[in-house]
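Undergrad: Handing over coords_3.cif, mmCIF, C-alpha atoms.
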data_final
loop_
_atom_site.group_PDB
_atom_site.id
_atom_site.type_symbol
_atom_site.label_atom_id
_atom_site.label_comp_id
_atom_site.auth_asym_id
_atom_site.auth_seq_id
_atom_site.Cartn_x
_atom_site.Cartn_y
_atom_site.Cartn_z
ATOM 1 C CA MET W 925 33.035 -4.451 -116.407
ATOM 2 C CA LYS W 926 31.993 -1.466 -114.349
ATOM 3 C CA LEU W 927 33.529 1.920 -115.145
ATOM 4 C CA LEU W 928 33.224 5.114 -113.163
ATOM 5 C CA ILE W 929 33.176 8.353 -115.144
ATOM 6 C CA LEU W 930 34.179 10.909 -112.533
ATOM 7 C CA ASN W 931 34.123 14.669 -113.031
ATOM 8 C CA GLY W 932 35.552 17.334 -110.768
ATOM 9 C CA PRO W 933 34.718 20.937 -109.937
ATOM 10 C CA ASN W 934 32.720 23.199 -112.227
ATOM 11 C CA LEU W 935 32.068 20.505 -114.815
ATOM 12 C CA ASN W 936 28.411 20.691 -113.785
ATOM 13 C CA LEU W 937 28.521 24.086 -115.570
ATOM 14 C CA LEU W 938 29.471 22.629 -118.950
ATOM 15 C CA GLY W 939 27.554 24.286 -121.732
ATOM 16 C CA GLN W 940 27.411 27.650 -119.992
ATOM 17 C CA ARG W 941 30.934 28.133 -118.583
ATOM 18 C CA GLU W 942 33.525 29.402 -121.076
ATOM 19 C CA PRO W 943 31.954 27.815 -124.167
ATOM 20 C CA ASP W 944 34.892 29.074 -126.257
ATOM 21 C CA VAL W 945 37.156 26.753 -124.208
ATOM 22 C CA TYR W 946 34.856 23.880 -123.225
ATOM 23 C CA GLY W 947 32.182 23.963 -125.925
ATOM 24 C CA THR W 948 28.429 24.069 -125.541
ATOM 25 C CA LEU W 949 27.848 20.433 -124.629
ATOM 26 C CA THR W 950 26.283 20.034 -121.178
ATOM 27 C CA LEU W 951 27.477 17.426 -118.701
ATOM 28 C CA THR W 952 24.203 15.555 -119.166
ATOM 29 C CA ALA W 953 24.724 15.461 -122.944
ATOM 30 C CA LEU W 954 28.361 14.427 -122.504
ATOM 31 C CA ASN W 955 27.331 11.579 -120.206
ATOM 32 C CA ARG W 956 24.727 10.517 -122.765
ATOM 33 C CA GLN W 957 27.392 10.423 -125.513
ATOM 34 C CA ILE W 958 29.639 8.292 -123.320
ATOM 35 C CA ALA W 959 26.756 5.926 -122.488
ATOM 36 C CA GLU W 960 25.887 5.590 -126.195
ATOM 37 C CA HIS W 961 29.533 4.923 -127.030
ATOM 38 C CA ILE W 962 29.654 2.184 -124.403
ATOM 39 C CA GLU W 963 26.473 0.648 -125.843
ATOM 40 C CA GLU W 964 28.281 0.468 -129.204
ATOM 41 C CA LEU W 965 31.300 -1.152 -127.545
ATOM 42 C CA ASN W 966 29.003 -3.778 -126.023
ATOM 43 C CA VAL W 967 27.764 -4.934 -129.431
ATOM 44 C CA GLY W 968 29.367 -8.296 -129.979
ATOM 45 C CA ARG W 969 30.833 -8.539 -126.483
ATOM 46 C CA PRO W 970 29.734 -11.557 -124.470
ATOM 47 C CA GLN W 971 27.037 -10.642 -121.956
ATOM 48 C CA ASP W 972 29.317 -11.427 -119.027
ATOM 49 C CA GLN W 973 31.861 -8.919 -120.395
ATOM 50 C CA HIS W 974 29.460 -6.045 -120.976
ATOM 51 C CA ILE W 975 30.614 -2.595 -119.952
ATOM 52 C CA GLU W 976 28.524 -0.519 -117.575
ATOM 53 C CA ALA W 977 29.166 3.178 -116.930
ATOM 54 C CA PHE W 978 28.352 5.030 -113.750
ATOM 55 C CA PHE W 979 28.590 8.820 -113.644
ATOM 56 C CA SER W 980 29.537 11.109 -110.787
ATOM 57 C CA GLN W 981 30.479 14.777 -110.422
ATOM 58 C CA SER W 982 31.433 16.808 -107.394
ATOM 59 C CA ASN W 983 32.745 20.282 -106.689
ATOM 60 C CA HIS W 984 34.206 19.087 -103.373
ATOM 61 C CA GLU W 985 37.722 17.706 -103.093
ATOM 62 C CA GLY W 986 36.953 15.498 -100.083
ATOM 63 C CA VAL W 987 33.971 13.915 -101.825
ATOM 64 C CA LEU W 988 36.187 13.149 -104.825
ATOM 65 C CA VAL W 989 38.862 11.612 -102.564
ATOM 66 C CA ASP W 990 36.202 9.458 -100.885
ATOM 67 C CA THR W 991 34.812 8.438 -104.282
ATOM 68 C CA LEU W 992 38.236 7.412 -105.572
ATOM 69 C CA GLN W 993 39.005 5.445 -102.420
ATOM 70 C CA SER W 994 35.702 3.578 -102.415
ATOM 71 C CA ALA W 995 35.829 2.958 -106.188
ATOM 72 C CA GLN W 996 38.333 0.148 -105.742
ATOM 73 C CA ARG W 997 35.548 -2.013 -104.345
ATOM 74 C CA ALA W 998 32.934 -1.093 -106.935
ATOM 75 C CA TYR W 999 34.614 -0.450 -110.320
ATOM 76 C CA GLU W 1000 37.239 -2.055 -112.519
ATOM 77 C CA GLY W 1001 38.407 1.311 -113.895
ATOM 78 C CA ILE W 1002 37.897 5.057 -113.747
ATOM 79 C CA VAL W 1003 37.878 7.843 -116.321
ATOM 80 C CA TYR W 1004 38.539 11.003 -114.337
ATOM 81 C CA ASN W 1005 38.506 14.679 -115.210
ATOM 82 C CA PRO W 1006 39.974 16.348 -112.120
ATOM 83 C CA ALA W 1007 39.360 19.797 -113.655
ATOM 84 C CA ALA W 1008 41.045 22.570 -111.642
ATOM 85 C CA HIS W 1009 42.244 20.038 -109.062
ATOM 86 C CA THR W 1010 44.595 18.728 -111.770
ATOM 87 C CA HIS W 1011 47.113 21.432 -111.021
ATOM 88 C CA TYR W 1012 47.240 21.524 -107.229
ATOM 89 C CA SER W 1013 45.500 18.658 -105.432
ATOM 90 C CA VAL W 1014 48.073 16.409 -103.849
ATOM 91 C CA ALA W 1015 45.194 14.795 -101.933
ATOM 92 C CA LEU W 1016 43.521 13.610 -105.155
ATOM 93 C CA ARG W 1017 46.844 12.525 -106.634
ATOM 94 C CA ASP W 1018 47.507 10.470 -103.497
ATOM 95 C CA ALA W 1019 44.007 8.969 -103.628
ATOM 96 C CA ILE W 1020 44.649 7.757 -107.185
ATOM 97 C CA ALA W 1021 48.085 6.420 -106.234
ATOM 98 C CA GLY W 1022 46.672 4.712 -103.154
ATOM 99 C CA VAL W 1023 44.181 2.442 -104.878
ATOM 100 C CA PRO W 1024 44.805 -0.363 -107.382
ATOM 101 C CA THR W 1025 41.961 0.721 -109.685
ATOM 102 C CA PRO W 1026 43.394 1.990 -112.990
ATOM 103 C CA VAL W 1027 42.559 5.636 -113.707
ATOM 104 C CA VAL W 1028 42.665 7.452 -117.039
ATOM 105 C CA GLU W 1029 42.944 11.236 -116.775
ATOM 106 C CA VAL W 1030 40.839 13.229 -119.217
ATOM 107 C CA HIS W 1031 40.395 16.906 -120.125
ATOM 108 C CA LEU W 1032 38.105 18.583 -122.613
ATOM 109 C CA SER W 1033 40.681 21.278 -123.396
ATOM 110 C CA ASP W 1034 44.413 20.918 -123.964
ATOM 111 C CA ILE W 1035 45.845 21.946 -120.620
ATOM 112 C CA ALA W 1036 49.342 22.196 -122.155
ATOM 113 C CA THR W 1037 48.267 25.081 -124.393
ATOM 114 C CA ARG W 1038 46.357 27.080 -121.826
ATOM 115 C CA GLU W 1039 47.512 29.375 -119.033
ATOM 116 C CA GLU W 1040 50.949 28.532 -117.625
ATOM 117 C CA PHE W 1041 49.553 27.300 -114.291
ATOM 118 C CA ARG W 1042 47.481 24.687 -116.130
ATOM 119 C CA HIS W 1043 50.449 23.053 -117.862
ATOM 120 C CA ILE W 1044 51.300 20.764 -114.944
ATOM 121 C CA SER W 1045 49.146 17.801 -114.017
ATOM 122 C CA LEU W 1046 49.791 16.297 -110.618
ATOM 123 C CA MET W 1047 47.660 13.321 -111.690
ATOM 124 C CA GLU W 1048 49.461 12.346 -114.877
ATOM 125 C CA ASP W 1049 52.168 10.143 -113.366
ATOM 126 C CA VAL W 1050 49.716 8.098 -111.266
ATOM 127 C CA CYS W 1051 47.237 7.544 -114.107
ATOM 128 C CA ILE W 1052 47.670 4.911 -116.807
ATOM 129 C CA ALA W 1053 47.031 7.442 -119.595
ATOM 130 C CA GLN W 1054 45.906 11.004 -120.283
ATOM 131 C CA PHE W 1055 43.604 12.262 -123.052
ATOM 132 C CA LYS W 1056 43.124 15.986 -123.589
ATOM 133 C CA GLY W 1057 42.134 18.699 -125.988
ATOM 134 C CA GLU W 1058 39.524 16.906 -128.056
ATOM 135 C CA GLY W 1059 36.331 17.843 -126.241
ATOM 136 C CA ALA W 1060 33.953 14.924 -125.803
ATOM 137 C CA ALA W 1061 36.201 12.760 -127.976
ATOM 138 C CA SER W 1062 38.800 12.890 -125.186
ATOM 139 C CA TYR W 1063 36.354 10.982 -122.974
ATOM 140 C CA LEU W 1064 35.492 8.451 -125.677
ATOM 141 C CA LYS W 1065 39.164 7.772 -126.358
ATOM 142 C CA ALA W 1066 39.779 7.434 -122.617
ATOM 143 C CA VAL W 1067 36.959 4.880 -122.350
ATOM 144 C CA ASP W 1068 38.350 2.936 -125.323
ATOM 145 C CA TYR W 1069 41.833 2.933 -123.829
ATOM 146 C CA LEU W 1070 40.584 1.842 -120.414
ATOM 147 C CA VAL W 1071 38.432 -0.969 -121.838
ATOM 148 C CA ASP W 1072 41.350 -2.227 -123.955
ATOM 149 C CA TYR W 1073 43.639 -2.043 -120.928
ATOM 150 C CA LEU W 1074 41.190 -3.941 -118.707
ATOM 151 C CA ASP W 1075 40.523 -6.533 -121.415
ATOM 152 C CA SER W 1076 44.262 -7.113 -121.849
ATOM 153 C CA THR W 1077 44.887 -7.518 -118.117
ATOM 154 C CA ALA W 1078 41.963 -9.964 -117.754
ATOM 155 C CA GLU W 1079 43.444 -12.457 -120.192
#
Could you take the file, read its structure, and then write that structure out as structure tokens?
TA:
Amino acid sequence: MKLLILNGPNLNLLGQREPDVYGTLTLTALNRQIAEHIEELNVGRPQDQHIEAFFSQSNHEGVLVDTLQSAQRAYEGIVYNPAAHTHYSVALRDAIAGVPTPVVEVHLSDIATREEFRHISLMEDVCIAQFKGEGAASYLKAVDYLVDYLDSTAE
């Protein structure tokens, strides 16, 4: 099972950008935590059902659209933090809606408790789930949910 962990704009600045909101964990360290979590999930799974994670980040909306569109041929599922695009990118929403690959939306912070303009997610209704407000744990829960979802649909 191949999963794409996709991160949107400014997440490359994790650890230095607004640490009071996003924490001090860097994107590299976050990716490492996710990879370690997936290694733990693989313990006891048959080899042919092992989970592999692939990581990508872009600050460019078009690159993210292209990545989502091409993901349907390469990955069984996607964990996606659209970052600021969450609140205004119809193009990314349409890219998610346009492919059969299940997507779980994730946010480090709780967008519902932040500035008013952040309360709305254009992605939420085209994703299979949303996890937010728990820092790195949001990603780990999103991975768990996605793996369970994919396992249940494979049966």
Undergrad: Return the padded bounding box of range 1003-1012 of chain W as AutoDock Vina command-line options: axis-aligned, built from all atoms listed in the file, 4 Å added on each side, with centre and edge lengths in Å to one decimal.
TA:
--center_x 42.6 --center_y 15.2 --center_z -111.8 --size_x 17.4 --size_y 22.7 --size_z 17.1
Undergrad: Carefully work through the PyMOL selection byres ((chain W and resi 995-1006) around 6) for this structure and note down the residues it includes, as a ChimeraX atom specification.
TA: /W:926-932,991-994,1007,1009-1010,1025-1031
Undergrad: What lies within 9 Å of Glu985 in chain W using only C-alpha atoms, ignoring chain neighbours under 5 positions off, as a PyMOL selection string?
TA: chain W and resi 932-933+990+1009+1013+1015-1016
Undergrad: Quick one: of W:Asp1034, W:Ala977, W:Val1071, W:His1043, who's nearest to Gly1059 in chain W, counting only C-alpha atoms?
TA: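 Smallest distance to Gly1059 in chain W is found for W:Asp1034.
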Undergrad: Which distance in Å separates CA of Ala1061 in chain W and CA of Ile1044 in chain W, to one decimal?
TA: 21.5 Å
Undergrad: Considering all atoms listed in the file, return as a list in words whatever protein or nucleic-acid residues lie within 12 Å of range 940-944 of chain W, sequence-local ones (same chain, fewer than 6 positions apart) excluded.
TA: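 In the requested form, the answer reads Pro933, Asn934, Thr950, Leu951, Leu1032, Ser1033 and Gly1059 of chain W.
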Undergrad: I want to know what sits within 12 Å of Gln971 in chain W, based on all atoms listed in the file, with residues of the same chain fewer than 6 positions away left out; could you give that as a PyMOL selection string?
TA: chain W and resi 925+963+965
Undergrad: Report the distance between CA of Leu935 in chain W and CA of Ser982 in chain W in Å, rounded to one decimal place.
TA: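 Going from CA of Leu935 in chain W over to CA of Ser982 in chain W, I get 8.3 Å.
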Undergrad: Could you name the residues that touch Leu1064 in chain W at 7 Å or less, counting only C-alpha atoms, but leaving out those on the same chain fewer than 4 positions away, as a PyMOL selection string?
TA: chain W and resi 958+1060+1068
Undergrad: Output C-alpha atoms for every residue in that selection, as a JSON list (two decimals), in the frame of the given file.
TA:
[["chain", "number", "residue", "atom", "x", "y", "z"],
["W", 958, "ILE", "CA", 29.64, 8.29, -123.32],
["W", 1060, "ALA", "CA", 33.95, 14.92, -125.80],
["W", 1068, "ASP", "CA", 38.35, 2.94, -125.32]]
Undergrad: If you measure from CA of Leu1046 in chain W to CA of Asp1018 in chain W, what distance in Å do you get, rounded to one decimal?
TA: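 Distance between the two atoms: 9.5 Å.
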Undergrad: Taking only C-alpha atoms into account, name the residue in W:Gly968, W:Gly939, W:Gly947, W:Gly986 that is nearest to Gly1057 in chain W.
TA: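 That would be W:Gly947, the residue with the smallest distance to Gly1057 in chain W.
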Undergrad: Give me, as a PyMOL selection string, all polymer residues having an atom no more than 12 Å from Glu964 in chain W, counting all atoms listed in the file and skipping those fewer than 5 positions away in the same chain.
TA: chain W and resi 957-959+969+974-976+1064+1067-1068
Undergrad: I need the residue nearest Ala1066 in chain W from this list: W:Ile1035, W:Ile962, W:Val1014, W:Leu937. Use all atoms listed in the file for the distance.
TA: W:Ile962
Undergrad: With distances taken over all atoms listed in the file, which residue among W:Val989, W:Ile1020, W:Met1047, W:Leu1074 lies nearest Ala1008 in chain W?
TA: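 Closest candidate: W:Met1047.
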Undergrad: For Glu1048 in chain W, which residue among W:Arg1017, W:Tyr1012, W:Ala1078, W:Tyr1073 is the nearest when counting all atoms listed in the file?
TA: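 Smallest distance to Glu1048 in chain W is found for W:Arg1017.
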